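Structure file structure-v2.pdb (PDB, C-alpha atoms) follows.
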```pdb
ATOM      1  CA  MET R   1      44.230  -0.952  13.987
ATOM      2  CA  ASN R   2      42.779   1.016  11.110
ATOM      3  CA  HIS R   3      39.060   1.321  10.304
ATOM      4  CA  ILE R   4      39.101  -1.207   7.455
ATOM      5  CA  LYS R   5      40.620  -3.929   9.677
ATOM      6  CA  ILE R   6      38.066  -3.242  12.413
ATOM      7  CA  LEU R   7      35.221  -3.397   9.886
ATOM      8  CA  ALA R   8      36.559  -6.643   8.379
ATOM      9  CA  PHE R   9      36.840  -8.174  11.864
ATOM     10  CA  LEU R  10      33.238  -7.207  12.734
ATOM     11  CA  ILE R  11      31.910  -8.637   9.451
ATOM     12  CA  ALA R  12      33.813 -11.908   9.999
ATOM     13  CA  LEU R  13      32.498 -12.122  13.567
ATOM     14  CA  SER R  14      28.944 -11.499  12.358
ATOM     15  CA  LEU R  15      29.204 -14.148   9.626
ATOM     16  CA  THR R  16      30.620 -16.690  12.094
ATOM     17  CA  ALA R  17      27.659 -16.114  14.435
ATOM     18  CA  THR R  18      25.242 -16.381  11.513
ATOM     19  CA  LEU R  19      26.747 -19.670  10.315
ATOM     20  CA  ARG R  20      26.380 -21.185  13.796
ATOM     21  CA  ALA R  21      22.803 -19.977  14.287
ATOM     22  CA  ALA R  22      19.953 -22.320  13.442
ATOM     23  CA  PRO R  23      17.433 -21.065  10.891
ATOM     24  CA  PRO R  24      14.163 -19.750  12.320
ATOM     25  CA  ALA R  25      11.520 -22.406  12.946
ATOM     26  CA  GLY R  26       9.345 -22.953   9.901
ATOM     27  CA  ASP R  27      11.859 -21.206   7.647
ATOM     28  CA  PRO R  28      14.159 -24.025   6.438
ATOM     29  CA  LEU R  29      17.174 -23.320   4.309
ATOM     30  CA  PRO R  30      17.158 -24.566   0.722
ATOM     31  CA  ARG R  31      19.247 -27.660   0.042
ATOM     32  CA  GLY R  32      22.942 -26.879  -0.161
ATOM     33  CA  VAL R  33      22.638 -23.481   1.547
ATOM     34  CA  VAL R  34      24.815 -23.089   4.640
ATOM     35  CA  ALA R  35      23.403 -19.838   6.033
ATOM     36  CA  ARG R  36      20.953 -17.041   5.309
ATOM     37  CA  LEU R  37      21.551 -13.396   6.049
ATOM     38  CA  GLY R  38      18.139 -11.953   6.843
ATOM     39  CA  SER R  39      14.850 -13.769   6.514
ATOM     40  CA  SER R  40      12.509 -14.902   3.799
ATOM     41  CA  GLN R  41       9.527 -13.807   5.888
ATOM     42  CA  PHE R  42       7.473 -10.775   4.843
ATOM     43  CA  THR R  43       9.395 -10.304   1.602
ATOM     44  CA  HIS R  44       8.354  -9.153  -1.839
ATOM     45  CA  SER R  45      10.418  -8.766  -4.999
ATOM     46  CA  ALA R  46       9.566  -5.068  -5.472
ATOM     47  CA  ASN R  47       9.320  -2.113  -3.114
ATOM     48  CA  VAL R  48       6.214  -2.233  -0.925
ATOM     49  CA  ASP R  49       4.415   1.108  -0.765
ATOM     50  CA  HIS R  50       1.322   0.248   1.308
ATOM     51  CA  VAL R  51       0.509  -2.201   4.108
ATOM     52  CA  ALA R  52      -2.622  -2.753   6.197
ATOM     53  CA  PHE R  53      -3.974  -5.329   8.618
ATOM     54  CA  ALA R  54      -6.895  -7.330   7.277
ATOM     55  CA  ALA R  55     -10.070  -7.353   9.358
ATOM     56  CA  ASP R  56      -9.167 -10.764  10.843
ATOM     57  CA  GLY R  57      -6.002  -9.318  12.424
ATOM     58  CA  LYS R  58      -4.073 -12.400  11.289
ATOM     59  CA  THR R  59      -3.183 -11.221   7.795
ATOM     60  CA  VAL R  60      -1.187  -8.280   6.461
ATOM     61  CA  VAL R  61      -2.127  -6.962   3.022
ATOM     62  CA  PHE R  62       0.528  -5.196   0.962
ATOM     63  CA  VAL R  63       0.700  -3.316  -2.340
ATOM     64  CA  GLY R  64       3.996  -3.417  -4.193
ATOM     65  CA  ARG R  65       5.333  -0.824  -6.575
ATOM     66  CA  ASP R  66       4.938  -3.515  -9.250
ATOM     67  CA  SER R  67       1.107  -3.318  -8.830
ATOM     68  CA  VAL R  68       0.972  -6.626  -6.970
ATOM     69  CA  VAL R  69      -1.465  -6.866  -4.066
ATOM     70  CA  GLY R  70      -0.577  -9.710  -1.733
ATOM     71  CA  ARG R  71      -1.352 -11.147   1.668
ATOM     72  CA  TRP R  72       1.104 -12.321   4.333
ATOM     73  CA  ASP R  73       0.258 -14.601   7.247
ATOM     74  CA  MET R  74       1.159 -12.757  10.474
ATOM     75  CA  ALA R  75       2.181 -15.910  12.350
ATOM     76  CA  GLY R  76       4.727 -17.205   9.860
ATOM     77  CA  GLY R  77       5.324 -14.306   7.486
ATOM     78  CA  LYS R  78       4.635 -16.463   4.443
ATOM     79  CA  GLU R  79       2.802 -15.082   1.438
ATOM     80  CA  LEU R  80      -0.745 -16.470   1.252
ATOM     81  CA  GLY R  81      -1.623 -15.203  -2.201
ATOM     82  CA  ARG R  82      -1.285 -12.358  -4.633
ATOM     83  CA  VAL R  83      -3.136 -10.530  -7.363
ATOM     84  CA  GLN R  84      -1.473  -8.667 -10.210
ATOM     85  CA  LEU R  85      -3.322  -5.427 -10.899
ATOM     86  CA  LEU R  86      -3.508  -4.256 -14.484
ATOM     87  CA  PRO R  87      -1.046  -1.399 -14.961
ATOM     88  CA  PHE R  88      -3.156   0.978 -17.139
ATOM     89  CA  GLY R  89      -0.579   3.724 -16.693
ATOM     90  CA  VAL R  90      -0.872   3.673 -12.915
ATOM     91  CA  ARG R  91      -0.275   7.051 -11.349
ATOM     92  CA  GLY R  92      -1.102   6.098  -7.791
ATOM     93  CA  LEU R  93      -2.424   3.380  -5.508
ATOM     94  CA  LEU R  94      -4.070   3.585  -2.120
ATOM     95  CA  LEU R  95      -4.876   0.610   0.112
ATOM     96  CA  SER R  96      -7.937   0.872   2.365
ATOM     97  CA  PRO R  97      -7.373   0.838   6.147
ATOM     98  CA  ASP R  98      -8.777  -2.711   6.452
ATOM     99  CA  GLY R  99      -6.843  -4.025   3.455
ATOM    100  CA  THR R 100      -9.942  -5.086   1.484
ATOM    101  CA  THR R 101      -9.890  -2.472  -1.267
ATOM    102  CA  VAL R 102      -7.345  -0.754  -3.507
ATOM    103  CA  ALA R 103      -8.018   2.508  -5.316
ATOM    104  CA  GLN R 104      -5.880   2.827  -8.446
ATOM    105  CA  VAL R 105      -5.460   6.151 -10.265
ATOM    106  CA  ARG R 106      -5.054   5.399 -13.966
ATOM    107  CA  SER R 107      -3.668   7.846 -16.504
ATOM    108  CA  ASN R 108      -6.605   9.507 -18.301
ATOM    109  CA  GLN R 109      -8.954   6.682 -17.255
ATOM    110  CA  GLY R 110     -10.136   7.761 -13.839
ATOM    111  CA  VAL R 111      -9.914   5.725 -10.649
ATOM    112  CA  ALA R 112     -10.524   1.980 -10.417
ATOM    113  CA  VAL R 113     -11.816   0.578  -7.129
ATOM    114  CA  ILE R 114     -10.621  -3.019  -6.790
ATOM    115  CA  ASP R 115     -11.589  -5.841  -4.419
ATOM    116  CA  VAL R 116      -8.284  -7.185  -3.031
ATOM    117  CA  ALA R 117      -9.409 -10.762  -2.307
ATOM    118  CA  ALA R 118     -10.926 -11.334  -5.751
ATOM    119  CA  GLY R 119      -8.574  -9.071  -7.679
ATOM    120  CA  LYS R 120     -11.624  -7.779  -9.535
ATOM    121  CA  GLU R 121     -12.638  -4.237 -10.288
ATOM    122  CA  ARG R 122     -15.757  -3.172  -8.352
ATOM    123  CA  PHE R 123     -16.313   0.047 -10.288
ATOM    124  CA  THR R 124     -14.489   2.884 -12.015
ATOM    125  CA  VAL R 125     -14.803   6.546 -11.187
ATOM    126  CA  PRO R 126     -14.601   8.303 -14.573
ATOM    127  CA  ARG R 127     -12.589  11.313 -13.423
ATOM    128  CA  ARG R 128      -9.939  12.429 -15.841
ATOM    129  CA  GLY R 129      -7.199  14.321 -14.091
ATOM    130  CA  ALA R 130      -7.742  12.489 -10.799
ATOM    131  CA  GLY R 131      -4.799  13.125  -8.545
ATOM    132  CA  VAL R 132      -4.752  12.617  -4.817
ATOM    133  CA  LEU R 133      -6.741   9.880  -3.079
ATOM    134  CA  GLY R 134      -7.805   9.486   0.529
ATOM    135  CA  TRP R 135     -10.096   7.319   2.630
ATOM    136  CA  GLY R 136     -12.918   8.468   4.862
ATOM    137  CA  LYS R 137     -15.324   6.832   7.279
ATOM    138  CA  ASN R 138     -12.830   4.017   8.032
ATOM    139  CA  GLY R 139     -12.502   3.054   4.371
ATOM    140  CA  GLN R 140     -16.206   3.223   3.539
ATOM    141  CA  THR R 141     -15.752   6.364   1.454
ATOM    142  CA  LEU R 142     -13.123   7.203  -1.139
ATOM    143  CA  LEU R 143     -11.969  10.811  -1.509
ATOM    144  CA  ILE R 144     -10.708  11.884  -4.930
ATOM    145  CA  SER R 145      -9.224  15.217  -5.958
ATOM    146  CA  THR R 146      -9.301  16.472  -9.516
ATOM    147  CA  THR R 147      -8.009  19.746 -10.939
ATOM    148  CA  ASN R 148     -10.184  21.966  -8.731
ATOM    149  CA  GLU R 149     -12.730  19.598  -7.166
ATOM    150  CA  VAL R 150     -12.983  17.055  -4.363
ATOM    151  CA  HIS R 151     -15.336  14.080  -4.761
ATOM    152  CA  VAL R 152     -16.604  11.670  -2.089
ATOM    153  CA  TRP R 153     -17.658   8.165  -3.214
ATOM    154  CA  ASP R 154     -19.454   5.411  -1.319
ATOM    155  CA  VAL R 155     -17.244   2.341  -1.866
ATOM    156  CA  ALA R 156     -19.909  -0.310  -1.176
ATOM    157  CA  ALA R 157     -22.563   1.299  -3.420
ATOM    158  CA  GLY R 158     -20.182   2.617  -6.090
ATOM    159  CA  ARG R 159     -21.889   6.008  -6.201
ATOM    160  CA  GLU R 160     -20.890   9.596  -5.603
ATOM    161  CA  LEU R 161     -22.092  11.101  -2.317
ATOM    162  CA  ALA R 162     -20.781  14.662  -2.561
ATOM    163  CA  GLN R 163     -18.496  17.010  -4.423
ATOM    164  CA  TRP R 164     -17.320  20.562  -4.088
ATOM    165  CA  LYS R 165     -15.013  22.952  -5.853
ATOM    166  CA  THR R 166     -11.757  24.220  -4.441
ATOM    167  CA  LYS R 167     -10.292  27.623  -5.140
ATOM    168  CA  PRO R 168      -8.676  27.782  -8.605
ATOM    169  CA  SER R 169      -5.246  28.408  -7.046
ATOM    170  CA  VAL R 170      -5.455  25.365  -4.735
ATOM    171  CA  THR R 171      -3.509  22.219  -5.621
ATOM    172  CA  VAL R 172      -4.592  19.353  -3.373
ATOM    173  CA  ALA R 173      -1.609  17.500  -1.880
ATOM    174  CA  ALA R 174      -3.403  15.237   0.618
ATOM    175  CA  LEU R 175      -6.931  14.211   1.633
ATOM    176  CA  ALA R 176      -8.286  12.516   4.735
ATOM    177  CA  GLY R 177     -11.799  11.845   5.972
ATOM    178  CA  SER R 178     -12.918  11.593   9.567
ATOM    179  CA  ALA R 179     -13.897   8.192  11.008
ATOM    180  CA  ASP R 180     -17.518   9.298  11.442
ATOM    181  CA  GLY R 181     -17.744  10.537   7.842
ATOM    182  CA  THR R 182     -18.706  14.111   8.728
ATOM    183  CA  ARG R 183     -15.479  15.962   7.828
ATOM    184  CA  VAL R 184     -12.801  15.978   5.130
ATOM    185  CA  ALA R 185      -9.376  17.536   5.588
ATOM    186  CA  VAL R 186      -7.770  18.893   2.433
ATOM    187  CA  TYR R 187      -4.111  19.884   2.480
ATOM    188  CA  SER R 188      -2.856  22.232  -0.212
ATOM    189  CA  ASN R 189       0.760  22.701  -1.270
ATOM    190  CA  THR R 190      -0.241  26.142  -2.484
ATOM    191  CA  ASN R 191      -0.969  27.751   0.864
ATOM    192  CA  GLY R 192      -0.808  24.919   3.420
ATOM    193  CA  THR R 193      -4.543  24.785   4.184
TER     194      THR R 193
END
```
Could I get this file's structure written as structure tokens?
Amino acid sequence: MNHIKILAFLIALSLTATLRAAPPAGDPLPRGVVARLGSSQFTHSANVDHVAFAADGKTVVFVGRDSVVGRWDMAGGKELGRVQLLPFGVRGLLLSPDGTTVAQVRSNQGVAVIDVAAGKERFTVPRRGAGVLGWGKNGQTLLISTTNEVHVWDVAAGRELAQWKTKPSVTVAALAGSADGTRVAVYSNTNGT
């Protein structure tokens, strides 16, 4: 038996098993549909780039490549709601560890800090040339790199806490802050430090 016949047999066997299987509880098939390959749970129409558990542990927050921030119920996988972020020439998005906040790098407009539940902008960091974002202190601080600087912002207060310059030859590739808020790790593509 050649490879194509074996593959066709396996596909037919799989489809037969799928047609006999009952749909998952709470996930009924639309009228007239005989079977579903896959599931409608935890789905979004665009690629999902970020996910986080909400503080309640019962909800998953996601950010799609289409600038949609949504929430899924963990128990059933159904979408609970969504917010469409304004595009503003988005260059990057970063979801906070607890899923409550999104930082959005906007072309030549700085960084917008957005409340996920309300879909409203909390404040904007007016940093042209903002590049890499990171979270510190378990999402309480936002780390922002610019051409040759790193800035630390208090998310709740909407104010800058610290900043420092990097070497002119350093291009920041990644940022991360410690959970206690005392250290920031900066990774550079230039020399790996």
Please provide the set of residues having any atom within 12 Å of R:Asp73, restricted to all atoms listed in the file, with same-chain residues fewer than 3 positions apart removed, written as a list in words. Gln41, Phe42, Thr43, Phe53, Ala54, Asp56, Gly57, Lys58, Thr59, Val60, Val61, Phe62, Gly70, Gly76, Gly77, Lys78, Glu79, Leu80 and Gly81 of chain R
Name the residues that the PyMOL selection byres ((chain R and resi 85) around 8) pulls out of this structure, and write them as a tab-separated table (two decimals) with C-alpha atoms, keeping the file's coordinate frame.
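Printed below is selection_25.tsv as written:
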```
chain	number	residue	atom	x	y	z
R	67	SER	CA	1.11	-3.32	-8.83
R	68	VAL	CA	0.97	-6.63	-6.97
R	69	VAL	CA	-1.46	-6.87	-4.07
R	83	VAL	CA	-3.14	-10.53	-7.36
R	84	GLN	CA	-1.47	-8.67	-10.21
R	86	LEU	CA	-3.51	-4.26	-14.48
R	87	PRO	CA	-1.05	-1.40	-14.96
R	119	GLY	CA	-8.57	-9.07	-7.68
```
Report, as AutoDock Vina command-line options, the axis-aligned box around all atoms of stretch 121-124 of chain R present in the file, extended by 8 Å on each side; give centre and edge lengths in Å to one decimal place.
```
--center_x -14.5 --center_y -0.7 --center_z -10.2 --size_x 19.7 --size_y 23.1 --size_z 19.7
```
What does the PyMOL selection byres ((chain R and resi 112) around 6) select in this file, as a list in words?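 The output of the PyMOL selection byres ((chain R and resi 112) around 6) on this file is Ala103, Gln104, Val111, Val113 and Thr124 of chain R.
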Expected file: the selected residues, C-alpha atoms, as an mmCIF file, in the coordinates of the input:
```
data_model
loop_
_atom_site.group_PDB
_atom_site.id
_atom_site.type_symbol
_atom_site.label_atom_id
_atom_site.label_comp_id
_atom_site.auth_asym_id
_atom_site.auth_seq_id
_atom_site.Cartn_x
_atom_site.Cartn_y
_atom_site.Cartn_z
ATOM 1 C CA ALA R 103 -8.018 2.508 -5.316
ATOM 2 C CA GLN R 104 -5.880 2.827 -8.446
ATOM 3 C CA VAL R 111 -9.914 5.725 -10.649
ATOM 4 C CA VAL R 113 -11.816 0.578 -7.129
ATOM 5 C CA THR R 124 -14.489 2.884 -12.015
#
```
So that I can see what lies close to stretch 157-173 of chain R, please list as an mmCIF file with C-alpha atoms, in the frame of the given file the residues with an atom at most 7 Å from it, counting only C-alpha atoms and leaving out residues fewer than 4 positions away in the same chain.
```cif
data_model
loop_
_atom_site.group_PDB
_atom_site.id
_atom_site.type_symbol
_atom_site.label_atom_id
_atom_site.label_comp_id
_atom_site.auth_asym_id
_atom_site.auth_seq_id
_atom_site.Cartn_x
_atom_site.Cartn_y
_atom_site.Cartn_z
ATOM 1 C CA PHE R 123 -16.313 0.047 -10.288
ATOM 2 C CA VAL R 132 -4.752 12.617 -4.817
ATOM 3 C CA SER R 145 -9.224 15.217 -5.958
ATOM 4 C CA ASN R 148 -10.184 21.966 -8.731
ATOM 5 C CA GLU R 149 -12.730 19.598 -7.166
ATOM 6 C CA VAL R 150 -12.983 17.055 -4.363
ATOM 7 C CA HIS R 151 -15.336 14.080 -4.761
ATOM 8 C CA VAL R 152 -16.604 11.670 -2.089
ATOM 9 C CA TRP R 153 -17.658 8.165 -3.214
ATOM 10 C CA VAL R 186 -7.770 18.893 2.433
ATOM 11 C CA TYR R 187 -4.111 19.884 2.480
ATOM 12 C CA SER R 188 -2.856 22.232 -0.212
ATOM 13 C CA ASN R 189 0.760 22.701 -1.270
ATOM 14 C CA THR R 190 -0.241 26.142 -2.484
#
```
Quick one: residues within 8 Å of R:Val105, only C-alpha atoms, excluding same-chain residues fewer than 2 positions away - as a PDB file with C-alpha atoms, in the frame of the given file?
```pdb
ATOM      1  CA  VAL R  90      -0.872   3.673 -12.915  1.00  0.00           C
ATOM      2  CA  ARG R  91      -0.275   7.051 -11.349  1.00  0.00           C
ATOM      3  CA  GLY R  92      -1.102   6.098  -7.791  1.00  0.00           C
ATOM      4  CA  LEU R  93      -2.424   3.380  -5.508  1.00  0.00           C
ATOM      5  CA  ALA R 103      -8.018   2.508  -5.316  1.00  0.00           C
ATOM      6  CA  SER R 107      -3.668   7.846 -16.504  1.00  0.00           C
ATOM      7  CA  GLN R 109      -8.954   6.682 -17.255  1.00  0.00           C
ATOM      8  CA  GLY R 110     -10.136   7.761 -13.839  1.00  0.00           C
ATOM      9  CA  VAL R 111      -9.914   5.725 -10.649  1.00  0.00           C
ATOM     10  CA  ALA R 112     -10.524   1.980 -10.417  1.00  0.00           C
ATOM     11  CA  ALA R 130      -7.742  12.489 -10.799  1.00  0.00           C
ATOM     12  CA  GLY R 131      -4.799  13.125  -8.545  1.00  0.00           C
TER      13      GLY R 131
END
```
Using the chain letters and residue numbers of this document, give as a ChimeraX atom specification the residues selected by the PyMOL selection byres ((chain R and resi 140) around 7). /R:136-139,141-142,154-156
Atomic separation - atom CA of R:Ser45 relative to atom CA of R:Trp135, Å: 27.2 Å
Could you list as an NGL selection string every residue that has an atom within 9 Å of (-11.4, -8.5, -1.7), using the file's coordinates and counting all atoms listed in the file? :R and (99-102 or 114-120)
Write out as number ranges by chain the residues lying within 9 Å of R:Ala46, counting only C-alpha atoms and excluding same-chain residues fewer than 5 positions away. R: 64-66, 68
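Across the structure, atom CA of R:Ala55 and atom CA of R:Trp72 are spaced 13.2 Å apart.
Atom CA of R:Ser96 is found 12.7 Å from atom CA of R:Asp49.
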Around the point (-7.8, 13.4, 7.0) in the file's coordinates, collect all residues with an atom within 9 Å, using only C-alpha atoms, and return them as a list in words. Gly134, Trp135, Gly136, Ala174, Leu175, Ala176, Gly177, Ser178, Ala179, Arg183, Val184, Ala185, Val186 and Tyr187 of chain R
R:Gly129 environment, 7 Å, only C-alpha atoms, sequence neighbours closer than 2 positions dropped, as a PDB file with C-alpha atoms, in the coordinates of the input:
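Result written to around10.pdb:
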```
ATOM      1  CA  ASN R 108      -6.605   9.507 -18.301  1.00  0.00           C
ATOM      2  CA  ARG R 127     -12.589  11.313 -13.423  1.00  0.00           C
ATOM      3  CA  GLY R 131      -4.799  13.125  -8.545  1.00  0.00           C
ATOM      4  CA  THR R 146      -9.301  16.472  -9.516  1.00  0.00           C
ATOM      5  CA  THR R 147      -8.009  19.746 -10.939  1.00  0.00           C
TER       6      THR R 147
END
```
